[in-house]
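For reference, the structure discussed in these notes is given below.
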Amino acid sequence: MSGETHFVIIGTGGAGSEAALTLRQRDPKCRITQITGSKLPFISRYELPRVIDGVNSWRELLAHPPEFFHENRISVRRNSWVDYVDAKNKKVLLRHKEEVSYDKLLVASGGGGYVPENLREFRPLMNGYGSFEDAVTIRKALPKKGHVIMLGGDMTGLDLARTLVAAGHRVSLVAGEQLFWPHEVPSKKREKFISVLEDMGIKVVLNQKVTAIKDVEKGKYARRVVFEAGGGIDGHAVMPFCGLMPSLNFMVGANVDIERGLLVNPGLKTTNDSIWAAGDVCQIWSPEENSYLFYYGWHHIKEMGKIAAINMTGGKKKISTYQDDHLYINKQGEIDSPYWMYK
Amino acid sequence: MAKNGKKTTDMQFAICGSAGDGTIAAGDIMKRAMAKAGYKVIAFDVYPPEIRGFGKCISRIRITSDQVFSLKPLSDVLLSLDDSHAIPHVGEVKDYGAVVYEDMPVSVMAEGSHISGHLTSTQLPYGVPFRELSERVTSSARSRNIVAVGYLAGLYDMPRQVFYDTISDKFKTKPAALTRINIEAFDAAFDVGRNTFRLDEGSLNPPQKKSSSGDLVMMSGNGAVAKGCIDAGLDTFFGYPITPATTIMERLAIDLPKHGKRMMQTEDEISALSAAIGAGYAGARAATATSGPGFALMSEMMGLGSMAEVPAVIFVSQRGGPSTGMPTKTEQSDLNIAVFGAAGDGQRIVLAPTNVEGCYKCAGKAFEIAERYQTPVVVLLDLYLSNRYEAVEFPTKNPFKANCSKPPGKLKKGQPYHRYEITKDFISPRAIPGDKGYRHAITGLEHGENGRPNDTTHQQMSEKRHEKLNGVLRHPGIAMSKRFGDKGKVDVAIIGWGSTFGEILEAMIVARAEGITCTAMKVVLLSPLPMEPINAIFEDSKEVLVPELNYEGQFANLLMGATGRPVTRLNRVPGTPMHVEDILEEIRRLAGKKKGRGSLAAE
């Protein structure tokens with residue numbers, strides 16, 4: 001490879017970080033720039049429950065020590081948001097109006113927490129969980145033996161739920177269609193898993209549609225979740241865990257095919273010869289399923305980052321589109337998931 | 001942690017922008033507000049090298065709960081009002097410190113021109129739409145700097161009221177609406193800052209309780225000089241503008257008329273000192289202020305002042321030289337010209353304050369001394385000290401004496417008055433022209449006791465002019481030298497003068513904390529040297545280190561010449577203050593050398 005190749009990676013998560021390291025290993029002379037909206041270097045969302053456990057410093061949660069980036073000559077543009085990608089001129093325009101040129105672009109911007117349409121107006125009353133700041137905020141919002149109401153029930157939420165329960169808080173899970181997402185749990189196993197969740201100390205509320213979230217000014221609790229059928233639950237915080245939505249608004253108009261995610265071939269190349277995608281943002285063509293699929297989970301994410309980097313540097317590697325990431329019950333009798341084994 | 005268990009504060013902010021961005025004004029508001037809040041503050045502004053026009057401005061402000069003596073080499077927070085100027089200073093932000101910048105610039109920027117791309121992975125970025133906030137609140141982008149200060153104040157939970165008061169003070173001569181909209185701009189950004197989740201490690205704890213009842217006033221070295229002049233009863237000031245001394249003249253131009261006194265701008269520096277000597281001859285307390293190039297022009301009149309024994313005070317704010325040199329960069333390279341710079345054996349008195357409070361004291365005492373010893377007194381400042389701001393508590397009672405002259409006694413009938421009478425302390429009773437019965441002549445020619453030209457008295461008069469200065473060592477109300485740190489025998493002594501002494505003290509404190517026995521001495525009286533304490537510190541010390549901001553080691557040369565003993569020089573001429581770490585490194589090396597450690601010991 002030429003020493004002048006400039007690889008730009010949008011995203012510093014699992015896929016982006018793995019790609020950056022692989023690029024450096026395969027092309028020692030290249031220039032690598034990662035762009036992220038985060039103010040911090042990469043912290044895995046699966047590390048955030050440690051904040052509930054009492055970790056105060058974000059430095060303890062970093063996926064890589066700060067010197068990693070210097071040693072690998074990876075320039076990380078933090079607190080930088082991509083406005084759009086000018087694929088024709090191979091430029092990324094940042095929100096602060098700086099243009100960054102690239103030779104090859106990897107989109108690994110991941111996904112943001114999905115909030116169903118009917119709940120979006122209540123966003124200001126809900127606590128997010130995508131960053132260190134979110135984790136600290138929820139910790140501060142909870143008194144001793146606090147009560148958290150979770151909506152949905154994806155695996156990120158369940159990971160937090162078990163931490164909250166272990167820390168002495170109560171969790172009520174208003175189960176939605178995203179329960180156990182991204183696992184697809186057959187209905188006959190679903191009841192079993194729900195009863196295990198109850199055994200783990202998580203109260204599961206079934207068959208209730210949430211119509212409103214209210215700010216409670218007086219009394220013990222700060223929030224009230226109102227059900228369509230009447231009644232509701234009171235808690236100190238409400239947190240949506242309804243799966244992920246790919247973060248790719250900036251790719252609209254970039255001359256690449258988009259469905260729900262960026263469409264890529266098994267080599268992770270988009271429909272543009274200079275743009276690849278990896279991680280939660282992309283849908284990969286599966287010949288077995290004859291459709292584009294999302295592949296979640298830490299090991300998939302890392303694998304995608306690595307394969308994208310290999311192919312961006314002249315390789316011809318394809319990702320295995322076989323998935324066998326089943327939810328299971330571990331020896332302790334608790335729900336467990338390959339997604340929680342991210343290290 | 002402080003000794004009383006309370007959390008201490010030590011945060012340094014660097015505000016960087018282009019001339020016209022209001023960078024210095026932003027720094028000014030912050031430092032004054034923090035002083036009002038009760039913190040100790042040291043601040044230093046750096047202006048563009050071209051003096052006028054659009055260049056880089058940096059205001060550095062160190063806010064502490066305990067007394068400190070210098071700025072830190074690394075800031076906790078860098079605020080960029082202009083990325084093109086601030087980018088080279090990103091490296092001056094400490095690990096886990098913050099870089100605050102405009103994140104909604106007006107126009108498209110080329111790659112690499114935004115500061116966010118230059119941060120290390122240990123620095124925390126805070127992008128703020130300064131321009132947008134300013135425009136939203138004030139309909140103009142001109143309050144960007146106030147918005148930036150408001151954001152910092154909110155981010156670090158600073159008290160609002162002191163900022164309101166400071167902004168009101170700043171705009172008190174302008175229409176009231178201007179104060180109001182600037183406070184609104186401050187408030188809007190304060191709330192944004194307060195609601196920002198902070199990730200850097202800077203923290204501002206409440207100031208500690210004051211130990212005295214006086215008010216802390218934020219003042220620059222030049223401001224303190226001007227205040228010292230006023231409090232000492234300066235009658236008349238003559239000056240010609242020159243960086244970095246001009247602000248003394250500007251301030252006196254405003255303050256002197258309020259006291260019924262006058263400032264006059266002369267056509268050049270020669271005239272300025274000539275006029276000051278003329279006024280001094282007439283019995284007035286008179287002064288001028290200049291910098292190296294102007295001081296060079298004054299050499300001839302310095303000689304006249306010495307020979308004619310006329311009091312005058314010359315404030316010299318040093319900058320990089322020789323010649324025009326570096327007008328906006330600091331240096332300590334006019335010591336030689338101050339001590340030696342005139343024809344003949346014209347010894348004069350040279351004082352050098354080491355901090356802002358010292359500027360006040362030296363300025364006022366200089367008039368007493370000039371008057372008492374009937375000779376020009378040079379007060380050596382430098383750009384770093386002239387422009388440095390510190391929170392100072394001035395004495396409530398004026399510490400300066402109004403008349404220190406040695407009055408002539410009553411003459412017997414027919415007894416002539418000898419202006420240059422040789423007395424026991426070599427100081428002649430001084431009459432003022434116009435004093436009835438004390439008619440006399442003065443001259444730049446060598447003269448006898450009666451003032452008439454006479455070259456046979458040269459030996460006798462030279463002795464008089466030199467010996468009369470010895471009394472200055474014991475002049476009341478001012479310490480001509482002071483020793484800090486370990487008493488008795490030490491491994492390393494650091495002797496310093498002028499603004500560098502702050503860095504010397506900081507280095508000494510760290511060295512002592514590391515277990516090195518060391519002491520630091522500031523020498524305020526540079527001519528004649530206070531030899532007794534200087535000899536004592538040489539006796540006590542295995543190694544003597546002399547850090548100063550000049551290439552030759554001018555003070556080191558003075559000390560070696562006066563004591564006949566070797567010193568270790570530490571000389572830097574970067575145009576910026578000396579780094580504490582540089583001094584500390586040298587202390588460590590010298591301490592290691594004496595204990596058989598370190599690289600030199602192995603040589």
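Letters for chains follow the order of the structure tokens (A, B, ...), residue numbers begin at 1 for each chain, and ligand numbers begin at 1 in the order shown.
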Hey, what's within 12 Å of A:Glu117 if we count only C-alpha atoms and toss same-chain stuff fewer than 2 positions away? As a PyMOL selection string, please?
chain A and resi 114-115+119-123+210-212+242
Just to be explicit: take each residue in the selection above, keep N, CA and C atoms, and write the result as a compact mmCIF listing (two decimals), in the first residue's frame.
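What landed in selection33.txt:
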```txt
# COMPACT_ATOMS: atom_id res chain seq x y z
N TYR A 114 -33.02 2.66 20.18
CA TYR A 114 -34.27 2.88 19.44
C TYR A 114 -35.39 3.17 20.42
N VAL A 115 -36.16 4.18 20.10
CA VAL A 115 -37.33 4.51 20.93
C VAL A 115 -38.55 4.44 20.03
N LEU A 119 -43.43 6.70 21.94
CA LEU A 119 -42.79 7.14 23.18
C LEU A 119 -41.81 8.30 22.98
N ARG A 120 -41.60 8.67 21.71
CA ARG A 120 -40.55 9.66 21.44
C ARG A 120 -40.81 11.01 22.10
N GLU A 121 -42.06 11.37 22.22
CA GLU A 121 -42.35 12.68 22.82
C GLU A 121 -41.97 12.72 24.30
N PHE A 122 -41.76 11.54 24.88
CA PHE A 122 -41.43 11.48 26.32
C PHE A 122 -39.92 11.34 26.56
N ARG A 123 -39.16 11.48 25.49
CA ARG A 123 -37.70 11.30 25.62
C ARG A 123 -37.08 12.11 26.77
N VAL A 210 -47.55 0.98 26.88
CA VAL A 210 -47.29 2.27 27.55
C VAL A 210 -47.83 3.39 26.67
N THR A 211 -48.61 4.25 27.28
CA THR A 211 -49.16 5.38 26.51
C THR A 211 -48.55 6.71 26.91
N ALA A 212 -47.99 6.77 28.10
CA ALA A 212 -47.41 8.05 28.54
C ALA A 212 -46.40 7.83 29.66
N CYS A 242 -35.04 -0.80 23.74
CA CYS A 242 -35.87 -1.36 22.66
C CYS A 242 -35.05 -1.67 21.42
```
Near chain B, 8 Å: chain A residue rows, closest pairs, only C-alpha atoms, as JSON lines:
```
{"residue": "A:Lys39", "atom": "CA", "partner": "B:Pro125", "partner_atom": "CA", "distance": 6.0}
{"residue": "A:Leu40", "atom": "CA", "partner": "B:Leu124", "partner_atom": "CA", "distance": 7.2}
{"residue": "A:Pro41", "atom": "CA", "partner": "B:Ser121", "partner_atom": "CA", "distance": 6.9}
{"residue": "A:Pro66", "atom": "CA", "partner": "B:Ser121", "partner_atom": "CA", "distance": 5.4}
{"residue": "A:Glu67", "atom": "CA", "partner": "B:Ser121", "partner_atom": "CA", "distance": 7.4}
{"residue": "A:Phe69", "atom": "CA", "partner": "B:Ser121", "partner_atom": "CA", "distance": 7.1}
{"residue": "A:His70", "atom": "CA", "partner": "B:Ser121", "partner_atom": "CA", "distance": 7.9}
{"residue": "A:Ser75", "atom": "CA", "partner": "B:Gly117", "partner_atom": "CA", "distance": 7.8}
{"residue": "A:Val76", "atom": "CA", "partner": "B:Ser121", "partner_atom": "CA", "distance": 7.4}
{"residue": "A:Arg77", "atom": "CA", "partner": "B:Gly117", "partner_atom": "CA", "distance": 5.4}
{"residue": "A:Arg78", "atom": "CA", "partner": "B:Ser116", "partner_atom": "CA", "distance": 7.1}
{"residue": "A:Asn79", "atom": "CA", "partner": "B:Pro125", "partner_atom": "CA", "distance": 6.5}
{"residue": "A:Ser80", "atom": "CA", "partner": "B:Ser116", "partner_atom": "CA", "distance": 7.6}
{"residue": "A:Arg95", "atom": "CA", "partner": "B:Met104", "partner_atom": "CA", "distance": 7.4}
{"residue": "A:His96", "atom": "CA", "partner": "B:Asp103", "partner_atom": "CA", "distance": 5.0}
{"residue": "A:Lys97", "atom": "CA", "partner": "B:Val108", "partner_atom": "CA", "distance": 4.7}
{"residue": "A:Glu98", "atom": "CA", "partner": "B:Met109", "partner_atom": "CA", "distance": 4.5}
{"residue": "A:Glu99", "atom": "CA", "partner": "B:Glu111", "partner_atom": "CA", "distance": 5.3}
{"residue": "A:Val100", "atom": "CA", "partner": "B:Glu111", "partner_atom": "CA", "distance": 5.2}
{"residue": "A:Ser101", "atom": "CA", "partner": "B:Glu111", "partner_atom": "CA", "distance": 7.5}
{"residue": "A:Glu133", "atom": "CA", "partner": "B:Phe197", "partner_atom": "CA", "distance": 6.8}
```
Write the selection just made, keeping N, CA and C atoms, as a short mmCIF file (atom, residue, chain, number, x, y, z; two decimals), in the first residue's frame?
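Result file follows (result-v1.cif):
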```cif
data_model
loop_
_atom_site.label_atom_id
_atom_site.label_comp_id
_atom_site.auth_asym_id
_atom_site.auth_seq_id
_atom_site.Cartn_x
_atom_site.Cartn_y
_atom_site.Cartn_z
N LYS A 39 -17.04 12.49 23.54
CA LYS A 39 -15.92 13.28 24.04
C LYS A 39 -14.81 12.37 24.56
N LEU A 40 -15.17 11.12 24.78
CA LEU A 40 -14.21 10.19 25.38
C LEU A 40 -13.72 9.18 24.36
N PRO A 41 -12.54 8.64 24.57
CA PRO A 41 -12.14 7.49 23.77
C PRO A 41 -13.10 6.33 24.04
N PRO A 66 -4.95 5.41 26.88
CA PRO A 66 -4.79 6.58 26.00
C PRO A 66 -3.58 6.49 25.08
N GLU A 67 -2.52 5.89 25.55
CA GLU A 67 -1.31 5.83 24.72
C GLU A 67 -1.47 4.91 23.52
N PHE A 69 -3.54 5.05 21.14
CA PHE A 69 -3.77 5.81 19.92
C PHE A 69 -2.49 6.48 19.42
N HIS A 70 -1.71 6.95 20.35
CA HIS A 70 -0.44 7.58 19.97
C HIS A 70 0.51 6.52 19.42
N SER A 75 -5.31 8.90 14.69
CA SER A 75 -5.83 10.20 15.10
C SER A 75 -7.33 10.05 15.37
N VAL A 76 -7.74 10.39 16.57
CA VAL A 76 -9.16 10.26 16.91
C VAL A 76 -9.78 11.64 17.06
N ARG A 77 -10.75 11.92 16.22
CA ARG A 77 -11.44 13.21 16.27
C ARG A 77 -12.66 13.04 17.17
N ARG A 78 -12.52 13.40 18.43
CA ARG A 78 -13.64 13.26 19.36
C ARG A 78 -14.53 14.50 19.32
N ASN A 79 -15.73 14.36 19.84
CA ASN A 79 -16.69 15.47 19.88
C ASN A 79 -16.89 16.05 18.47
N SER A 80 -16.78 15.18 17.47
CA SER A 80 -16.92 15.61 16.07
C SER A 80 -18.05 14.82 15.43
N ARG A 95 -19.73 18.56 11.53
CA ARG A 95 -20.70 19.59 11.92
C ARG A 95 -20.03 20.94 12.17
N HIS A 96 -18.80 20.89 12.63
CA HIS A 96 -18.12 22.16 12.88
C HIS A 96 -17.47 22.71 11.59
N LYS A 97 -17.95 22.20 10.46
CA LYS A 97 -17.64 22.75 9.13
C LYS A 97 -16.23 22.46 8.66
N GLU A 98 -15.62 21.45 9.22
CA GLU A 98 -14.30 21.05 8.74
C GLU A 98 -14.46 19.89 7.76
N GLU A 99 -13.74 19.98 6.67
CA GLU A 99 -13.79 18.92 5.67
C GLU A 99 -12.61 17.97 5.89
N VAL A 100 -12.91 16.68 5.91
CA VAL A 100 -11.85 15.69 6.06
C VAL A 100 -11.87 14.80 4.81
N SER A 101 -10.79 14.79 4.08
CA SER A 101 -10.72 13.98 2.86
C SER A 101 -10.32 12.55 3.21
N GLU A 133 -21.64 9.34 30.60
CA GLU A 133 -22.48 10.40 31.18
C GLU A 133 -23.86 9.86 31.54
#
```
Which polymer residues have any atom within 9 Å of an atom of stretch 277-292 of chain A, counting only C-alpha atoms, with same-chain residues fewer than 5 positions away left out, as a VMD selection string?
chain A and resid 13 to 16 19 105 to 111 244 to 248 258 to 270 297 to 298 300 to 308 319 to 322
Any chance you could export the current selection's C-alpha atoms as an mmCIF file, in the first residue's frame?
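Wrote it out as selection-v2.cif, contents follow:
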```
data_model
loop_
_atom_site.group_PDB
_atom_site.id
_atom_site.type_symbol
_atom_site.label_atom_id
_atom_site.label_comp_id
_atom_site.auth_asym_id
_atom_site.auth_seq_id
_atom_site.Cartn_x
_atom_site.Cartn_y
_atom_site.Cartn_z
ATOM 1 C CA GLY A 13 -16.738 1.535 18.835
ATOM 2 C CA GLY A 14 -15.834 -2.137 18.665
ATOM 3 C CA ALA A 15 -15.867 -2.343 14.879
ATOM 4 C CA GLY A 16 -14.115 0.958 14.276
ATOM 5 C CA ALA A 19 -10.575 -1.865 12.021
ATOM 6 C CA LEU A 105 -13.987 5.265 4.266
ATOM 7 C CA LEU A 106 -15.303 2.830 6.815
ATOM 8 C CA VAL A 107 -18.675 3.606 8.334
ATOM 9 C CA ALA A 108 -18.807 2.015 11.766
ATOM 10 C CA SER A 109 -21.063 4.484 13.489
ATOM 11 C CA GLY A 110 -23.057 1.813 15.302
ATOM 12 C CA GLY A 111 -26.575 2.370 16.479
ATOM 13 C CA LEU A 244 -30.733 -0.292 18.279
ATOM 14 C CA MET A 245 -31.343 1.987 15.340
ATOM 15 C CA PRO A 246 -28.401 2.314 12.919
ATOM 16 C CA SER A 247 -26.827 5.776 13.056
ATOM 17 C CA LEU A 248 -26.472 6.703 9.429
ATOM 18 C CA ILE A 258 -29.530 1.943 2.442
ATOM 19 C CA GLU A 259 -32.391 -0.159 3.744
ATOM 20 C CA ARG A 260 -32.542 0.011 7.563
ATOM 21 C CA GLY A 261 -28.785 -0.147 7.635
ATOM 22 C CA LEU A 262 -26.063 0.352 5.065
ATOM 23 C CA LEU A 263 -26.235 -2.522 2.653
ATOM 24 C CA VAL A 264 -22.947 -4.342 2.210
ATOM 25 C CA ASN A 265 -21.732 -7.523 0.541
ATOM 26 C CA PRO A 266 -20.098 -10.271 2.641
ATOM 27 C CA GLY A 267 -16.797 -8.431 2.091
ATOM 28 C CA LEU A 268 -18.463 -5.462 3.856
ATOM 29 C CA LYS A 269 -18.150 -3.137 0.903
ATOM 30 C CA THR A 270 -21.088 -0.848 0.215
ATOM 31 C CA GLY A 297 -22.864 -8.998 19.384
ATOM 32 C CA TRP A 298 -19.340 -8.143 20.355
ATOM 33 C CA HIS A 300 -19.461 -10.210 15.297
ATOM 34 C CA ILE A 301 -18.721 -6.501 15.622
ATOM 35 C CA LYS A 302 -14.996 -7.042 16.106
ATOM 36 C CA GLU A 303 -14.881 -9.569 13.302
ATOM 37 C CA MET A 304 -16.602 -7.118 10.977
ATOM 38 C CA GLY A 305 -14.125 -4.379 11.823
ATOM 39 C CA LYS A 306 -11.224 -6.690 11.149
ATOM 40 C CA ILE A 307 -12.598 -8.029 7.859
ATOM 41 C CA ALA A 308 -13.483 -4.553 6.609
ATOM 42 C CA ILE A 319 -17.676 -12.630 6.818
ATOM 43 C CA SER A 320 -19.413 -15.768 7.924
ATOM 44 C CA THR A 321 -23.084 -15.015 7.878
ATOM 45 C CA TYR A 322 -23.929 -17.967 10.070
#
```
Neighbour list for stretch 222-237 of chain A as JSON, numbers by chain, cut-off 9 Å, only C-alpha atoms, skip fewer than 3 positions in-chain:
{"A": [125, 126, 127, 138, 141, 142, 143, 146, 147, 148, 149, 150, 171, 172, 208, 209, 210, 211, 212, 213, 214, 215, 216, 217, 218, 219]}
Write out as a ChimeraX atom specification all residues of stretch 26-206 of chain B that DSSP puts in alpha helix (DSSP H) for this structure's backbone.
/B:26-36,83-86,130-138,144-155,160-170,176-194
Rounded to one decimal in Å, what is the spacing between atom CA of B:Ser291 and atom CA of B:Ile337?
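Straight-line distance from atom CA of B:Ser291 to atom CA of B:Ile337 works out to 11.4 Å.
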Can you pull out every residue within 9 Å of stretch 151-163 of chain A, counting only C-alpha atoms, but drop anything in the same chain fewer than 3 positions away, and send it as an MDAnalysis selection string?
chainID A and resid 45:46 48:50 52:53 129 148 166:183 197 200:202 210 238:243 337 339:340
Preceding selection exported with C-alpha atoms as a PDB file, in the first residue's frame:
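Result file follows (again_11.pdb):
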```
ATOM      1  CA  ARG A  45     -21.559   0.025  26.552  1.00  0.00           C
ATOM      2  CA  TYR A  46     -21.184  -3.352  28.242  1.00  0.00           C
ATOM      3  CA  LEU A  48     -21.237   0.896  31.769  1.00  0.00           C
ATOM      4  CA  PRO A  49     -22.872  -1.251  34.484  1.00  0.00           C
ATOM      5  CA  ARG A  50     -19.600  -0.862  36.373  1.00  0.00           C
ATOM      6  CA  ILE A  52     -23.624   1.496  38.859  1.00  0.00           C
ATOM      7  CA  ASP A  53     -21.207  -0.724  40.776  1.00  0.00           C
ATOM      8  CA  TYR A 129     -27.766   4.508  28.439  1.00  0.00           C
ATOM      9  CA  VAL A 148     -35.994   1.661  37.668  1.00  0.00           C
ATOM     10  CA  ALA A 166     -27.272  -6.758  42.495  1.00  0.00           C
ATOM     11  CA  ALA A 167     -26.699  -3.177  43.677  1.00  0.00           C
ATOM     12  CA  GLY A 168     -29.919  -3.319  45.714  1.00  0.00           C
ATOM     13  CA  HIS A 169     -32.251  -1.508  43.324  1.00  0.00           C
ATOM     14  CA  ARG A 170     -35.582  -2.698  42.050  1.00  0.00           C
ATOM     15  CA  VAL A 171     -36.193  -3.181  38.337  1.00  0.00           C
ATOM     16  CA  SER A 172     -39.561  -3.431  36.681  1.00  0.00           C
ATOM     17  CA  LEU A 173     -39.433  -4.459  33.077  1.00  0.00           C
ATOM     18  CA  VAL A 174     -42.393  -3.526  30.927  1.00  0.00           C
ATOM     19  CA  ALA A 175     -41.730  -6.134  28.303  1.00  0.00           C
ATOM     20  CA  GLY A 176     -42.150  -5.145  24.706  1.00  0.00           C
ATOM     21  CA  GLU A 177     -41.623  -6.843  21.414  1.00  0.00           C
ATOM     22  CA  GLN A 178     -37.905  -6.177  21.833  1.00  0.00           C
ATOM     23  CA  LEU A 179     -37.647  -8.455  24.878  1.00  0.00           C
ATOM     24  CA  PHE A 180     -34.340 -10.370  24.609  1.00  0.00           C
ATOM     25  CA  TRP A 181     -33.429  -8.470  21.396  1.00  0.00           C
ATOM     26  CA  PRO A 182     -31.372  -9.197  19.334  1.00  0.00           C
ATOM     27  CA  HIS A 183     -31.987 -12.812  20.295  1.00  0.00           C
ATOM     28  CA  LEU A 197     -35.823 -13.159  34.915  1.00  0.00           C
ATOM     29  CA  MET A 200     -33.231 -13.059  39.131  1.00  0.00           C
ATOM     30  CA  GLY A 201     -35.222 -10.324  40.889  1.00  0.00           C
ATOM     31  CA  ILE A 202     -36.508  -8.499  37.819  1.00  0.00           C
ATOM     32  CA  VAL A 210     -47.294   2.265  27.550  1.00  0.00           C
ATOM     33  CA  VAL A 238     -37.516   5.234  33.148  1.00  0.00           C
ATOM     34  CA  MET A 239     -35.112   3.706  30.644  1.00  0.00           C
ATOM     35  CA  PRO A 240     -35.947   2.487  27.141  1.00  0.00           C
ATOM     36  CA  PHE A 241     -34.179  -0.655  25.950  1.00  0.00           C
ATOM     37  CA  CYS A 242     -35.869  -1.358  22.665  1.00  0.00           C
ATOM     38  CA  GLY A 243     -32.981  -2.376  20.462  1.00  0.00           C
ATOM     39  CA  SER A 337     -25.949 -14.416  26.474  1.00  0.00           C
ATOM     40  CA  TYR A 339     -23.450 -10.800  23.760  1.00  0.00           C
ATOM     41  CA  TRP A 340     -22.444 -10.278  27.354  1.00  0.00           C
TER      42      TRP A 340
END
```
